[in-house]
Each structure stands twice: as structure tokens, then as C-alpha cells.
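One file, upload-v4.txt, carrying compact mmCIF, C-alpha atoms:
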```
# COMPACT_ATOMS: atom_id res chain seq x y z
CA MET A 22 124.16 -76.11 53.40
CA ASP A 23 121.96 -75.10 50.49
CA SER A 24 118.95 -72.93 51.24
CA ALA A 25 115.77 -74.94 51.78
CA LYS A 26 113.27 -75.49 48.99
CA ILE A 27 109.60 -76.47 49.11
CA ALA A 28 107.71 -78.67 46.68
CA ILE A 29 103.91 -78.77 46.80
CA ILE A 30 101.93 -81.61 45.24
CA GLY A 31 99.10 -80.10 43.21
CA ASP A 32 98.06 -76.46 43.04
CA GLY A 33 94.87 -76.51 45.05
CA ALA A 34 93.73 -73.67 47.27
CA ILE A 35 95.70 -74.50 50.42
CA GLY A 36 98.81 -75.54 48.50
CA SER A 37 98.71 -72.23 46.64
CA LEU A 38 98.60 -70.37 49.97
CA VAL A 39 101.77 -72.22 50.98
CA ALA A 40 103.34 -71.22 47.65
CA SER A 41 102.40 -67.55 48.07
CA GLY A 42 103.93 -67.53 51.55
CA ALA A 43 107.10 -69.12 50.20
CA GLN A 44 107.31 -66.46 47.52
CA LYS A 45 106.85 -63.65 50.06
CA THR A 46 109.71 -65.02 52.17
CA HIS A 47 111.94 -65.80 49.17
CA ILE A 48 111.90 -69.58 49.60
CA PRO A 49 112.26 -71.41 46.25
CA PHE A 50 109.16 -73.50 45.52
CA ARG A 51 107.54 -75.50 42.76
CA PHE A 52 104.22 -77.22 42.17
CA LEU A 53 104.31 -80.94 41.30
CA LEU A 54 101.50 -81.44 38.81
CA ARG A 55 100.09 -84.30 36.80
CA GLY A 56 100.38 -83.65 33.09
CA ASP A 57 101.71 -80.60 31.29
CA ARG A 58 99.54 -77.70 32.37
CA GLU A 59 99.89 -74.23 33.80
CA SER A 60 99.77 -73.92 37.59
CA VAL A 61 98.03 -71.30 39.70
CA LEU A 62 99.46 -67.89 38.86
CA GLN A 63 97.79 -65.53 41.29
CA VAL A 64 96.85 -65.57 44.98
CA THR A 65 94.72 -62.79 46.47
CA GLY A 66 95.25 -62.24 50.18
CA THR A 67 92.72 -61.41 52.88
CA GLU A 68 93.62 -57.71 52.53
CA ARG A 69 93.01 -57.97 48.76
CA GLN A 70 96.70 -57.74 47.96
CA THR A 71 97.66 -59.88 44.97
CA ILE A 72 100.74 -62.08 44.68
CA ARG A 73 101.80 -63.35 41.28
CA LEU A 74 103.51 -66.71 41.67
CA THR A 75 106.82 -67.49 39.99
CA PRO A 76 107.73 -71.13 40.74
CA THR A 77 111.33 -72.36 40.43
CA HIS A 78 112.13 -75.62 38.65
CA PHE A 79 114.22 -78.21 40.47
CA ASP A 80 114.35 -81.97 40.02
CA ARG A 81 115.28 -83.22 43.51
CA LEU A 82 114.50 -82.49 47.13
CA ASN A 83 117.42 -82.72 49.56
CA ASP A 84 117.64 -83.46 53.29
CA ASN A 85 116.81 -79.88 54.36
CA ASP A 86 113.94 -79.44 51.87
CA LEU A 87 110.24 -80.00 52.39
CA LEU A 88 107.48 -81.78 50.47
CA VAL A 89 103.97 -80.54 51.28
CA ILE A 90 101.02 -82.77 50.37
CA PRO A 91 97.67 -80.94 50.48
CA VAL A 92 95.81 -83.19 48.04
CA LYS A 93 92.46 -84.86 48.63
CA HIS A 94 92.35 -88.20 50.42
CA TYR A 95 91.48 -90.24 47.33
CA GLN A 96 94.34 -88.63 45.34
CA LEU A 97 97.03 -89.39 47.91
CA ALA A 98 98.19 -92.85 46.85
CA ASP A 99 98.66 -91.88 43.20
CA ALA A 100 100.38 -88.63 44.17
CA ILE A 101 102.99 -90.15 46.47
CA ARG A 102 103.56 -93.06 44.08
CA GLN A 103 104.41 -90.55 41.36
CA TRP A 104 106.57 -88.15 43.34
CA HIS A 105 108.37 -90.06 46.09
CA PRO A 106 111.35 -90.84 43.77
CA ILE A 107 112.41 -87.17 43.88
CA LEU A 108 112.94 -87.30 47.68
CA SER A 109 116.18 -87.91 49.51
CA ASN A 110 116.14 -90.45 52.34
CA SER A 111 115.70 -87.64 54.88
CA THR A 112 113.45 -85.18 53.05
CA ALA A 113 110.66 -84.18 55.44
CA VAL A 114 107.09 -84.65 54.23
CA VAL A 115 104.09 -82.73 55.57
CA LEU A 116 100.61 -84.16 55.04
CA LEU A 117 97.97 -81.43 55.14
CA GLN A 118 94.46 -82.84 54.64
CA ASN A 119 90.84 -82.45 55.73
CA GLY A 120 90.28 -86.02 56.87
CA MET A 121 92.31 -88.80 58.44
CA GLY A 122 93.81 -92.08 57.27
CA GLY A 123 96.40 -90.57 54.96
CA GLU A 124 99.31 -91.40 57.25
CA ALA A 125 98.82 -95.12 56.68
CA ILE A 126 98.86 -94.60 52.90
CA LEU A 127 102.11 -92.62 53.06
CA SER A 128 103.76 -95.24 55.27
CA GLU A 129 103.46 -97.76 52.42
CA TYR A 130 105.72 -95.64 50.21
CA LEU A 131 107.88 -93.53 52.55
CA LYS A 132 110.07 -95.93 54.50
CA SER A 133 112.94 -93.62 55.47
CA GLN A 134 111.57 -90.08 55.17
CA PRO A 135 110.18 -88.39 58.33
CA VAL A 136 106.46 -87.73 57.87
CA TYR A 137 104.63 -84.94 59.67
CA VAL A 138 100.91 -84.25 59.77
CA ALA A 139 99.28 -80.84 59.97
CA THR A 140 95.82 -79.37 60.29
CA THR A 141 94.95 -75.79 59.42
CA SER A 142 92.09 -73.37 59.96
CA HIS A 143 93.11 -71.07 57.10
CA GLY A 144 90.38 -70.67 54.51
CA ALA A 145 91.06 -70.59 50.77
CA LEU A 146 89.05 -70.89 47.56
CA LYS A 147 90.18 -71.66 44.03
CA THR A 148 88.18 -69.12 42.05
CA SER A 149 89.50 -70.22 38.65
CA PRO A 150 92.10 -72.72 37.35
CA LEU A 151 94.79 -70.04 37.73
CA GLN A 152 93.55 -68.00 40.70
CA VAL A 153 93.16 -68.61 44.45
CA ARG A 154 91.67 -66.37 47.13
CA HIS A 155 92.66 -66.47 50.81
CA THR A 156 89.22 -66.31 52.41
CA GLY A 157 90.08 -66.45 56.09
CA LEU A 158 93.10 -66.16 58.35
CA GLY A 159 93.82 -69.14 60.55
CA SER A 160 96.60 -71.13 62.16
CA THR A 161 98.27 -74.49 61.62
CA LEU A 162 99.14 -77.29 64.04
CA LEU A 163 102.00 -79.68 63.23
CA GLY A 164 103.30 -82.92 64.69
CA ARG A 165 104.96 -86.24 63.88
CA SER A 166 103.04 -88.99 62.14
CA GLN A 167 102.42 -92.00 64.35
CA GLU A 168 102.55 -94.27 61.30
CA SER A 169 106.14 -93.35 60.36
CA THR A 170 109.15 -95.15 61.85
CA SER A 171 111.76 -92.96 60.15
CA ALA A 172 115.22 -92.88 61.69
CA ALA A 173 115.58 -89.28 60.46
CA TYR A 174 113.36 -87.83 63.21
CA SER A 175 115.11 -85.62 65.75
CA SER A 176 114.25 -82.57 67.80
CA ALA A 177 116.42 -80.54 65.41
CA LYS A 178 114.46 -81.90 62.42
CA ASP A 179 111.18 -81.08 64.17
CA ARG A 180 112.32 -77.48 64.70
CA GLN A 181 113.61 -77.16 61.13
CA VAL A 182 110.31 -78.35 59.64
CA THR A 183 108.25 -76.17 61.98
CA GLU A 184 110.31 -73.07 61.21
CA LEU A 185 110.29 -73.65 57.45
CA LEU A 186 106.53 -74.23 57.33
CA CYS A 187 105.98 -71.21 59.59
CA GLN A 188 107.88 -68.97 57.18
CA CYS A 189 105.41 -69.68 54.39
CA PHE A 190 102.21 -70.66 56.22
CA PRO A 191 102.16 -68.78 59.55
CA PRO A 192 101.43 -69.18 62.33
CA VAL A 193 102.49 -72.80 62.96
CA ALA A 194 102.45 -74.40 66.42
CA TRP A 195 104.10 -77.72 67.31
CA ARG A 196 101.81 -80.29 68.90
CA SER A 197 103.15 -83.48 70.42
CA ASP A 198 99.52 -84.63 70.66
CA ILE A 199 98.75 -83.91 67.01
CA ARG A 200 96.44 -86.93 66.73
CA PHE A 201 94.05 -85.38 69.23
CA ALA A 202 94.12 -82.12 67.24
CA LEU A 203 93.36 -84.07 64.06
CA TRP A 204 90.40 -85.75 65.76
CA GLN A 205 89.10 -82.37 66.89
CA LYS A 206 89.28 -81.10 63.31
CA LEU A 207 87.66 -84.32 62.09
CA SER A 208 84.79 -83.86 64.55
CA VAL A 209 83.99 -80.54 62.87
CA ASN A 210 84.27 -81.95 59.35
CA LEU A 211 82.01 -84.88 60.29
CA VAL A 212 79.20 -82.41 60.90
CA ILE A 213 79.73 -79.58 58.44
CA ASN A 214 80.83 -81.43 55.30
CA PRO A 215 78.10 -84.08 54.87
CA LEU A 216 75.21 -81.91 56.10
CA THR A 217 76.05 -78.92 53.90
CA ALA A 218 76.58 -81.23 50.92
CA LEU A 219 73.33 -83.13 51.40
CA TYR A 220 71.17 -80.07 52.06
CA ASN A 221 72.97 -77.73 49.63
CA VAL A 222 73.49 -74.96 52.19
CA PRO A 223 76.34 -72.73 53.41
CA ASN A 224 77.93 -73.52 56.76
CA GLY A 225 75.88 -70.93 58.65
CA ALA A 226 72.58 -72.62 57.77
CA LEU A 227 73.53 -75.46 60.12
CA SER A 228 72.72 -73.16 63.06
CA GLU A 229 69.02 -73.49 62.15
CA PRO A 230 66.93 -75.61 64.56
CA ARG A 231 66.21 -78.27 61.92
CA PHE A 232 69.85 -79.44 62.11
CA SER A 233 70.18 -79.39 65.89
CA ASP A 234 69.35 -83.04 66.54
CA SER A 235 71.64 -84.30 63.76
CA ILE A 236 74.56 -82.22 65.06
CA THR A 237 74.08 -83.55 68.60
CA ARG A 238 73.87 -87.15 67.42
CA ILE A 239 76.95 -86.88 65.18
CA CYS A 240 78.97 -85.35 68.03
CA ASP A 241 77.74 -88.02 70.44
CA GLU A 242 78.88 -90.83 68.14
CA THR A 243 82.20 -89.09 67.51
CA SER A 244 82.87 -88.59 71.22
CA ARG A 245 82.17 -92.26 71.96
CA VAL A 246 84.60 -93.40 69.24
CA MET A 247 87.25 -90.94 70.47
CA ASN A 248 86.83 -92.13 74.06
CA ALA A 249 87.15 -95.75 72.93
CA LEU A 250 90.44 -94.84 71.25
CA GLY A 251 91.76 -93.13 74.37
CA TYR A 252 91.00 -89.48 73.55
CA SER A 253 89.12 -87.85 76.41
CA THR A 254 86.25 -85.64 75.25
CA THR A 255 82.50 -85.23 75.52
CA GLN A 256 79.61 -84.74 73.13
CA GLU A 257 79.04 -81.30 74.67
CA ALA A 258 82.64 -80.19 74.13
CA LEU A 259 82.66 -81.34 70.51
CA GLU A 260 79.29 -79.74 69.79
CA GLN A 261 80.35 -76.43 71.32
CA ASN A 262 83.40 -76.35 69.04
CA VAL A 263 81.37 -77.37 65.99
CA ARG A 264 78.85 -74.59 66.61
CA HIS A 265 81.67 -72.09 67.04
CA VAL A 266 83.11 -73.06 63.64
CA ILE A 267 79.66 -72.94 62.03
CA SER A 268 79.26 -69.37 63.28
CA ALA A 269 82.80 -68.30 62.36
CA THR A 270 82.50 -69.68 58.81
CA ALA A 271 78.80 -68.90 58.30
CA HIS A 272 79.19 -67.53 54.78
CA ASN A 273 81.54 -70.27 53.57
CA PHE A 274 80.62 -73.36 51.59
CA SER A 275 82.33 -76.56 52.71
CA SER A 276 84.71 -78.42 50.42
CA MET A 277 82.30 -81.36 50.24
CA HIS A 278 79.44 -79.05 49.29
CA GLN A 279 81.61 -77.63 46.49
CA ASP A 280 82.64 -81.09 45.31
CA ILE A 281 79.01 -82.20 45.04
CA ALA A 282 77.97 -78.91 43.42
CA HIS A 283 80.66 -79.36 40.76
CA LYS A 284 80.01 -83.10 40.35
CA ARG A 285 83.41 -84.09 41.74
CA LYS A 286 84.36 -87.02 43.91
CA THR A 287 84.23 -86.14 47.62
CA GLU A 288 86.54 -86.87 50.56
CA ILE A 289 83.80 -88.75 52.42
CA ASP A 290 86.05 -91.84 52.77
CA GLY A 291 88.69 -89.83 54.64
CA ILE A 292 86.14 -88.12 56.88
CA THR A 293 82.98 -90.09 57.72
CA GLY A 294 84.44 -93.29 56.26
CA TYR A 295 87.43 -93.01 58.58
CA LEU A 296 85.19 -92.61 61.63
CA ILE A 297 83.14 -95.65 60.61
CA LYS A 298 86.30 -97.79 60.29
CA GLN A 299 87.54 -96.70 63.71
CA ALA A 300 84.09 -97.31 65.19
CA LYS A 301 84.06 -100.87 63.87
CA LYS A 302 87.50 -101.55 65.38
CA SER A 303 86.30 -100.16 68.70
CA GLY A 304 82.89 -101.84 68.75
CA VAL A 305 80.99 -98.52 68.74
CA ASP A 306 77.71 -98.21 66.85
CA VAL A 307 77.53 -95.06 64.63
CA PRO A 308 74.18 -95.20 62.80
CA ILE A 309 73.80 -91.52 61.89
CA ASN A 310 77.34 -91.28 60.49
CA THR A 311 76.77 -94.51 58.57
CA ALA A 312 73.56 -93.11 57.08
CA LEU A 313 75.28 -89.84 56.12
CA TYR A 314 78.14 -91.77 54.50
CA GLN A 315 75.67 -93.76 52.39
CA GLN A 316 73.70 -90.66 51.41
CA VAL A 317 76.76 -88.64 50.36
CA THR A 318 78.19 -91.60 48.45
CA ALA A 319 74.90 -91.91 46.57
CA LEU A 320 75.09 -88.24 45.51
CA TYR A 321 78.26 -88.80 43.50
CA GLU A 322 77.82 -91.01 40.46
CA PRO A 323 81.16 -91.10 38.59
```
As C-alpha cells, what does this structure read like?
Amino acid sequence: MDSAKIAIIGDGAIGSLVASGAQKTHIPFRFLLRGDRESVLQVTGTERQTIRLTPTHFDRLNDNDLLVIPVKHYQLADAIRQWHPILSNSTAVVLLQNGMGGEAILSEYLKSQPVYVATTSHGALKTSPLQVRHTGLGSTLLGRSQESTSAAYSSAKDRQVTELLCQCFPPVAWRSDIRFALWQKLSVNLVINPLTALYNVPNGALSEPRFSDSITRICDETSRVMNALGYSTTQEALEQNVRHVISATAHNFSSMHQDIAHKRKTEIDGITGYLIKQAKKSGVDVPINTALYQQVTALYEP
């Protein structure tokens, strides 16, 4: 069997971390980019060590290879439409995004390939078109997509994908309840992303008393939607986790803050927009999240 290869759609911050890990462990990788341009060349680690990336060119992904998709929610449909022809019927695909709802998009195009979803707490920042900095060590959780009905799933495939991803993006832990983990990550993003974007502040500013009521209300609405969907949690548990992340990432600026600051489209549809859709299906009223969605949407005028 040929040695496994990894293809990464785009060369954003998290995808570049995956590439640097692949290079360190001698796994062939390439970036799949739109247009003819140079990809990220340099990744600086948390210990300030620098890795110069040297991608390998290959045209196809085989059954034991891996496609990693760390693109923004609104880029996903175009990305998979462009690149799914290079996959074999059993090439594993890992979706690695901030928000939720991407699994349904992938299921429209990937009928036979096994799709996995992952969430990570690693921090990374693209400091220039060709440079990325690893800003914080974290971990990654991985599990099967509930939207995929692939016949290629097996316990052996699960282990293969987990081990391959762990080699280049450690540590990786398998979660059979990955949807609950995704909701927990979403509950953090629902608070930090829109509030930091709207008020133009770093994450740590959200610990100020002026944000306390908003945080509590967002977590309350999120917990009620999660409970309606069968995920057992409380407003207090979600808020405790949110405040822990705010403290741990106090000096960071959220991705949504950076998108607004640089006049880019945000991922609000895959974060707050996803919650609102699930709330409507469940008959739960989410007025503060609805207001935040409208306010963030109004900030971006394409």
C-alpha cells in the first residue's frame, strides 16, 4: 500500500498548521488553491521555531489518503464542487470549521466518501499571505459525520483517519459523540465572535461587567436549543466554559473580529445563523442571537 498523502483545501491558518505537521512527520501534502498563486511558505511554531513548507504535487487522492477542509462556511460549497473529482470513492474527508452546517453541504457532493468532522482548540494567525503563526497549543476532537451514509466507514477506517490526522495535528481524540462536542464549541463561538466583532475588542474584554448580561442571555438561548435537540446541558455550564475560553484567549482577536476589521465576509451564517435555524425547527425563541445576527450582517457590506 502506498504511503498516505494529505491534501488541504486552501492555505489558511489552521490548514497551514496541518501542513507543517505533515512536513515534520514526512507525510506528503499539497494545498488545493483557487487560481495560480503561491501558497503559505512559512509556519512559526509556539516555541518560535520556523518550518519552511515544501508541498508535493499529486493529482489524485487514493483510498488511504486524506482530504482536510478547513475553509470558511461560505466557501465550502464552491471548494468541494471544485475538488471532489480528485477523490477516490473511499478517500476520507475531514471537515474542520468554526461553525456548523457544513456536513449537510458536503453530503450533496460526497456520496461514497466517508466524511469526518473535527473541532480544534489550536490557535493560529495568518500574519501575511505567505506566513502563519501558531499562537496557541490545543487539541482536536474527531468523529463521523451524521450526514454521511458512506459504505466505506469501518472501525479500521476510523483508526486510520485518527492516526493520520494525529501525526500532523496532535493531539487528536476520537469522539463518538462528536455532535455534542461541536455544539459545545459553537456555544463559545456564539458569544465570542459576534460580541468581539460588534464592539471591536479582543476576547478578554468580554470579561468586563458590561458584557455579562449578554453572555448569560446568549448561553441561556443556546442551552434551550441544545436541550430541545436532545443535548443535555445548562446555561450555567455553557457560561462557565465560555468564560474559561475568554480568559484563556484574552489577548486573541476572534476570527469574526478580524473579518470585520479587514472588511471580509464573516462566518455568521455558520455560527449564529445555524443556531437560529435549529431554534426555528425546535420552536425555541432566540431574540438576542437573532439581534446579533442582524447586527453583524449589517456590518459587512460587500
Restrict the calculation to only C-alpha atoms, then for each residue of region 221-310 of chain A with any atom at most 12 Å from an atom of region 132-144 of chain A give the closest atom pair and their distance in Å to one decimal, rows by chain and rising residue number, as CSV.
```
residue,atom,partner,partner_atom,distance
A:Val266,CA,A:Ser142,CA,9.7
A:Ala269,CA,A:Ser142,CA,10.9
A:Thr270,CA,A:Gly144,CA,9.0
A:His272,CA,A:Gly144,CA,11.6
A:Asn273,CA,A:Gly144,CA,8.9
A:Phe274,CA,A:Gly144,CA,10.5
A:Ser275,CA,A:Gly144,CA,10.1
A:Ser276,CA,A:Gly144,CA,10.4
```
Selected residues written out, C-alpha atoms, as a CSV table (one decimal), in the coordinates of the input:
```
chain,number,residue,atom,x,y,z
A,266,VAL,CA,83.1,-73.1,63.6
A,269,ALA,CA,82.8,-68.3,62.4
A,270,THR,CA,82.5,-69.7,58.8
A,272,HIS,CA,79.2,-67.5,54.8
A,273,ASN,CA,81.5,-70.3,53.6
A,274,PHE,CA,80.6,-73.4,51.6
A,275,SER,CA,82.3,-76.6,52.7
A,276,SER,CA,84.7,-78.4,50.4
```
Problem set entry | Pick from A:Gly66, A:Gly251, A:Gly225, A:Gly123, whichever lies nearest to Val263 (chain A) using all atoms listed in the file |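 Between A:Gly66, A:Gly251, A:Gly225, A:Gly123, the residue approaching Val263 (chain A) most closely is A:Gly225.
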Problem set entry | Proximity to Ala40 (chain A) - best of A:Gln63, A:Ser160, A:Ser228, A:Thr112, all atoms listed in the file |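 Closest to Ala40 (chain A), using all atoms listed in the file: A:Gln63.
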Problem set entry | Option closest in space to His265 (chain A), from A:Thr183, A:Asn224, A:Ser235, A:Gln316 [counting all atoms listed in the file] | A:Asn224
Which residues come within 9 Å of Gly120 (chain A), counting only C-alpha atoms, excluding same-chain residues fewer than 4 positions away, as an mmCIF file with C-alpha atoms, in the frame of the given file?
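Output saved as part.cif:
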```cif
data_model
loop_
_atom_site.group_PDB
_atom_site.id
_atom_site.type_symbol
_atom_site.label_atom_id
_atom_site.label_comp_id
_atom_site.auth_asym_id
_atom_site.auth_seq_id
_atom_site.Cartn_x
_atom_site.Cartn_y
_atom_site.Cartn_z
ATOM 1 C CA LYS A 93 92.460 -84.860 48.630
ATOM 2 C CA HIS A 94 92.350 -88.200 50.420
ATOM 3 C CA LEU A 203 93.360 -84.070 64.060
ATOM 4 C CA TRP A 204 90.400 -85.750 65.760
ATOM 5 C CA LYS A 206 89.280 -81.100 63.310
ATOM 6 C CA LEU A 207 87.660 -84.320 62.090
ATOM 7 C CA ASN A 210 84.270 -81.950 59.350
ATOM 8 C CA GLU A 288 86.540 -86.870 50.560
ATOM 9 C CA ILE A 289 83.800 -88.750 52.420
ATOM 10 C CA ASP A 290 86.050 -91.840 52.770
ATOM 11 C CA GLY A 291 88.690 -89.830 54.640
ATOM 12 C CA ILE A 292 86.140 -88.120 56.880
ATOM 13 C CA THR A 293 82.980 -90.090 57.720
ATOM 14 C CA TYR A 295 87.430 -93.010 58.580
#
```
Problem set entry | Closest of A:Leu227, A:Gly56, A:Leu116, A:Gln152 to Gln103 (chain A) - atom-to-atom distances counting all atoms listed in the file |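 So, comparing all the options, the nearest one is A:Gly56.
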For this session: Rounded to one decimal place, report the CA of Arg285 (chain A)-CA of Ala28 (chain A) distance in Å.
Result: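 Separating CA of Arg285 (chain A) from CA of Ala28 (chain A) is a distance of 25.4 Å.
CA of Ile107 (chain A) is positioned 22.9 Å from CA of Ala177 (chain A).
Note that CA of Leu158 (chain A) and CA of Ala145 (chain A) are 9.0 Å apart.
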For this session: Excluding Val212 (chain A) and any residue of its chain fewer than 6 positions from it, enumerate the residues within 8 Å of it, using all atoms listed in the file, and give them as a PyMOL selection string.
Result: chain A and resi 236+239-240+263
Problem set entry | Option closest in space to Asp179 (chain A), from A:Leu163, A:Ala34, A:Val92, A:Ile29 [counting all atoms listed in the file] | A:Leu163
For this session: Using all atoms listed in the file, determine which residues lie at most 12 Å from Pro308 (chain A), disregarding the query and same-chain residues fewer than 5 positions distant; provide the list as a ChimeraX atom specification.
Result: /A:235,238-239,241-243,293,296-297,300-301,313-315
Test item: axis-aligned box, all listed atoms of region 301-305 of chain A, 4 Å on each side, centre and edges in Å rounded to one decimal, as lines of an AutoDock Vina configuration file:
```
center_x = 84.2
center_y = -100.2
center_z = 66.3
size_x = 14.5
size_y = 11.3
size_z = 12.9
```
For this session: Using all atoms listed in the file, find the one residue out of A:Asp280, A:Glu129, A:Asp86, A:Asp57 that sits nearest to Lys178 (chain A).
Result: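 Nearest candidate to Lys178 (chain A) out of A:Asp280, A:Glu129, A:Asp86, A:Asp57: A:Asp86.
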Exercise. Could you tell me, as a PyMOL selection string, which residues have any atom at most 7 Å from (99.7, -76.9, 68.6), counting all atoms listed in the file?
Worked result: chain A and resi 162-163+194-196
Problem set entry | Contacts of region 41-55 of chain A at 6 Å (all atoms listed in the file; same-chain gap of 3+ positions) as a list in words |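 The residues that qualify are Lys26, Ile27, Ala28, Ile29, Ile30, Gly31, Leu38, Pro76, Thr77, Cys189 and Phe190 of chain A.
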Keeping N, CA and C atoms (and nothing else), can you write region 155-184 of chain A of this structure as a PDB file, in the first residue's frame?
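What landed in selection_29.pdb:
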```pdb
ATOM      1  N   HIS A 155       1.614  29.920  14.766  1.00  0.00           N
ATOM      2  CA  HIS A 155       0.873  29.057  15.702  1.00  0.00           C
ATOM      3  C   HIS A 155       0.803  29.816  17.029  1.00  0.00           C
ATOM      4  N   THR A 156      -0.377  30.323  17.369  1.00  0.00           N
ATOM      5  CA  THR A 156      -0.494  31.229  18.509  1.00  0.00           C
ATOM      6  C   THR A 156      -0.862  30.538  19.814  1.00  0.00           C
ATOM      7  N   GLY A 157      -1.311  29.303  19.745  1.00  0.00           N
ATOM      8  CA  GLY A 157      -1.683  28.618  20.975  1.00  0.00           C
ATOM      9  C   GLY A 157      -1.858  27.131  20.774  1.00  0.00           C
ATOM     10  N   LEU A 158      -1.244  26.344  21.662  1.00  0.00           N
ATOM     11  CA  LEU A 158      -1.392  24.895  21.594  1.00  0.00           C
ATOM     12  C   LEU A 158      -2.790  24.479  22.018  1.00  0.00           C
ATOM     13  N   GLY A 159      -3.307  23.460  21.369  1.00  0.00           N
ATOM     14  CA  GLY A 159      -4.640  22.979  21.696  1.00  0.00           C
ATOM     15  C   GLY A 159      -4.751  21.508  21.379  1.00  0.00           C
ATOM     16  N   SER A 160      -5.968  21.034  21.234  1.00  0.00           N
ATOM     17  CA  SER A 160      -6.223  19.641  20.894  1.00  0.00           C
ATOM     18  C   SER A 160      -7.384  19.580  19.915  1.00  0.00           C
ATOM     19  N   THR A 161      -7.568  18.418  19.308  1.00  0.00           N
ATOM     20  CA  THR A 161      -8.580  18.252  18.271  1.00  0.00           C
ATOM     21  C   THR A 161      -9.441  17.040  18.577  1.00  0.00           C
ATOM     22  N   LEU A 162     -10.737  17.190  18.395  1.00  0.00           N
ATOM     23  CA  LEU A 162     -11.690  16.100  18.563  1.00  0.00           C
ATOM     24  C   LEU A 162     -12.232  15.705  17.195  1.00  0.00           C
ATOM     25  N   LEU A 163     -12.402  14.414  16.962  1.00  0.00           N
ATOM     26  CA  LEU A 163     -12.758  13.890  15.640  1.00  0.00           C
ATOM     27  C   LEU A 163     -13.848  12.840  15.771  1.00  0.00           C
ATOM     28  N   GLY A 164     -14.779  12.840  14.820  1.00  0.00           N
ATOM     29  CA  GLY A 164     -15.814  11.820  14.796  1.00  0.00           C
ATOM     30  C   GLY A 164     -16.470  11.737  13.433  1.00  0.00           C
ATOM     31  N   ARG A 165     -17.351  10.750  13.251  1.00  0.00           N
ATOM     32  CA  ARG A 165     -18.044  10.583  11.976  1.00  0.00           C
ATOM     33  C   ARG A 165     -19.129  11.631  11.792  1.00  0.00           C
ATOM     34  N   SER A 166     -19.313  12.041  10.551  1.00  0.00           N
ATOM     35  CA  SER A 166     -20.418  12.934  10.214  1.00  0.00           C
ATOM     36  C   SER A 166     -21.734  12.172  10.255  1.00  0.00           C
ATOM     37  N   GLN A 167     -22.735  12.779  10.859  1.00  0.00           N
ATOM     38  CA  GLN A 167     -24.062  12.161  10.888  1.00  0.00           C
ATOM     39  C   GLN A 167     -24.784  12.297   9.557  1.00  0.00           C
ATOM     40  N   GLU A 168     -24.309  13.195   8.710  1.00  0.00           N
ATOM     41  CA  GLU A 168     -24.979  13.428   7.425  1.00  0.00           C
ATOM     42  C   GLU A 168     -24.519  12.447   6.344  1.00  0.00           C
ATOM     43  N   SER A 169     -23.399  11.771   6.568  1.00  0.00           N
ATOM     44  CA  SER A 169     -22.833  10.876   5.554  1.00  0.00           C
ATOM     45  C   SER A 169     -23.356   9.451   5.729  1.00  0.00           C
ATOM     46  N   THR A 170     -23.675   8.814   4.619  1.00  0.00           N
ATOM     47  CA  THR A 170     -24.137   7.417   4.641  1.00  0.00           C
ATOM     48  C   THR A 170     -23.153   6.510   3.898  1.00  0.00           C
ATOM     49  N   SER A 171     -21.892   6.910   3.892  1.00  0.00           N
ATOM     50  CA  SER A 171     -20.870   6.170   3.159  1.00  0.00           C
ATOM     51  C   SER A 171     -20.770   4.712   3.613  1.00  0.00           C
ATOM     52  N   ALA A 172     -20.593   3.837   2.626  1.00  0.00           N
ATOM     53  CA  ALA A 172     -20.381   2.421   2.924  1.00  0.00           C
ATOM     54  C   ALA A 172     -18.914   2.143   3.274  1.00  0.00           C
ATOM     55  N   ALA A 173     -18.063   3.158   3.156  1.00  0.00           N
ATOM     56  CA  ALA A 173     -16.632   2.969   3.398  1.00  0.00           C
ATOM     57  C   ALA A 173     -16.255   3.105   4.869  1.00  0.00           C
ATOM     58  N   TYR A 174     -17.217   3.494   5.721  1.00  0.00           N
ATOM     59  CA  TYR A 174     -16.921   3.582   7.151  1.00  0.00           C
ATOM     60  C   TYR A 174     -16.599   2.193   7.714  1.00  0.00           C
ATOM     61  N   SER A 175     -15.658   2.154   8.622  1.00  0.00           N
ATOM     62  CA  SER A 175     -15.362   0.943   9.386  1.00  0.00           C
ATOM     63  C   SER A 175     -14.535   1.371  10.587  1.00  0.00           C
ATOM     64  N   SER A 176     -14.424   0.503  11.568  1.00  0.00           N
ATOM     65  CA  SER A 176     -13.589   0.845  12.724  1.00  0.00           C
ATOM     66  C   SER A 176     -12.132   0.992  12.303  1.00  0.00           C
ATOM     67  N   ALA A 177     -11.708   0.200  11.309  1.00  0.00           N
ATOM     68  CA  ALA A 177     -10.339   0.316  10.809  1.00  0.00           C
ATOM     69  C   ALA A 177     -10.127   1.665  10.121  1.00  0.00           C
ATOM     70  N   LYS A 178     -11.132   2.111   9.353  1.00  0.00           N
ATOM     71  CA  LYS A 178     -11.037   3.418   8.690  1.00  0.00           C
ATOM     72  C   LYS A 178     -10.999   4.527   9.736  1.00  0.00           C
ATOM     73  N   ASP A 179     -11.822   4.418  10.768  1.00  0.00           N
ATOM     74  CA  ASP A 179     -11.823   5.417  11.836  1.00  0.00           C
ATOM     75  C   ASP A 179     -10.433   5.536  12.464  1.00  0.00           C
ATOM     76  N   ARG A 180      -9.814   4.398  12.747  1.00  0.00           N
ATOM     77  CA  ARG A 180      -8.475   4.409  13.359  1.00  0.00           C
ATOM     78  C   ARG A 180      -7.447   4.998  12.411  1.00  0.00           C
ATOM     79  N   GLN A 181      -7.536   4.619  11.125  1.00  0.00           N
ATOM     80  CA  GLN A 181      -6.578   5.122  10.134  1.00  0.00           C
ATOM     81  C   GLN A 181      -6.640   6.636  10.045  1.00  0.00           C
ATOM     82  N   VAL A 182      -7.850   7.191   9.969  1.00  0.00           N
ATOM     83  CA  VAL A 182      -8.019   8.637   9.848  1.00  0.00           C
ATOM     84  C   VAL A 182      -7.538   9.333  11.118  1.00  0.00           C
ATOM     85  N   THR A 183      -7.892   8.776  12.271  1.00  0.00           N
ATOM     86  CA  THR A 183      -7.467   9.368  13.541  1.00  0.00           C
ATOM     87  C   THR A 183      -5.947   9.396  13.647  1.00  0.00           C
ATOM     88  N   GLU A 184      -5.311   8.277  13.313  1.00  0.00           N
ATOM     89  CA  GLU A 184      -3.855   8.190  13.422  1.00  0.00           C
ATOM     90  C   GLU A 184      -3.153   9.119  12.439  1.00  0.00           C
TER      91      GLU A 184
END
```
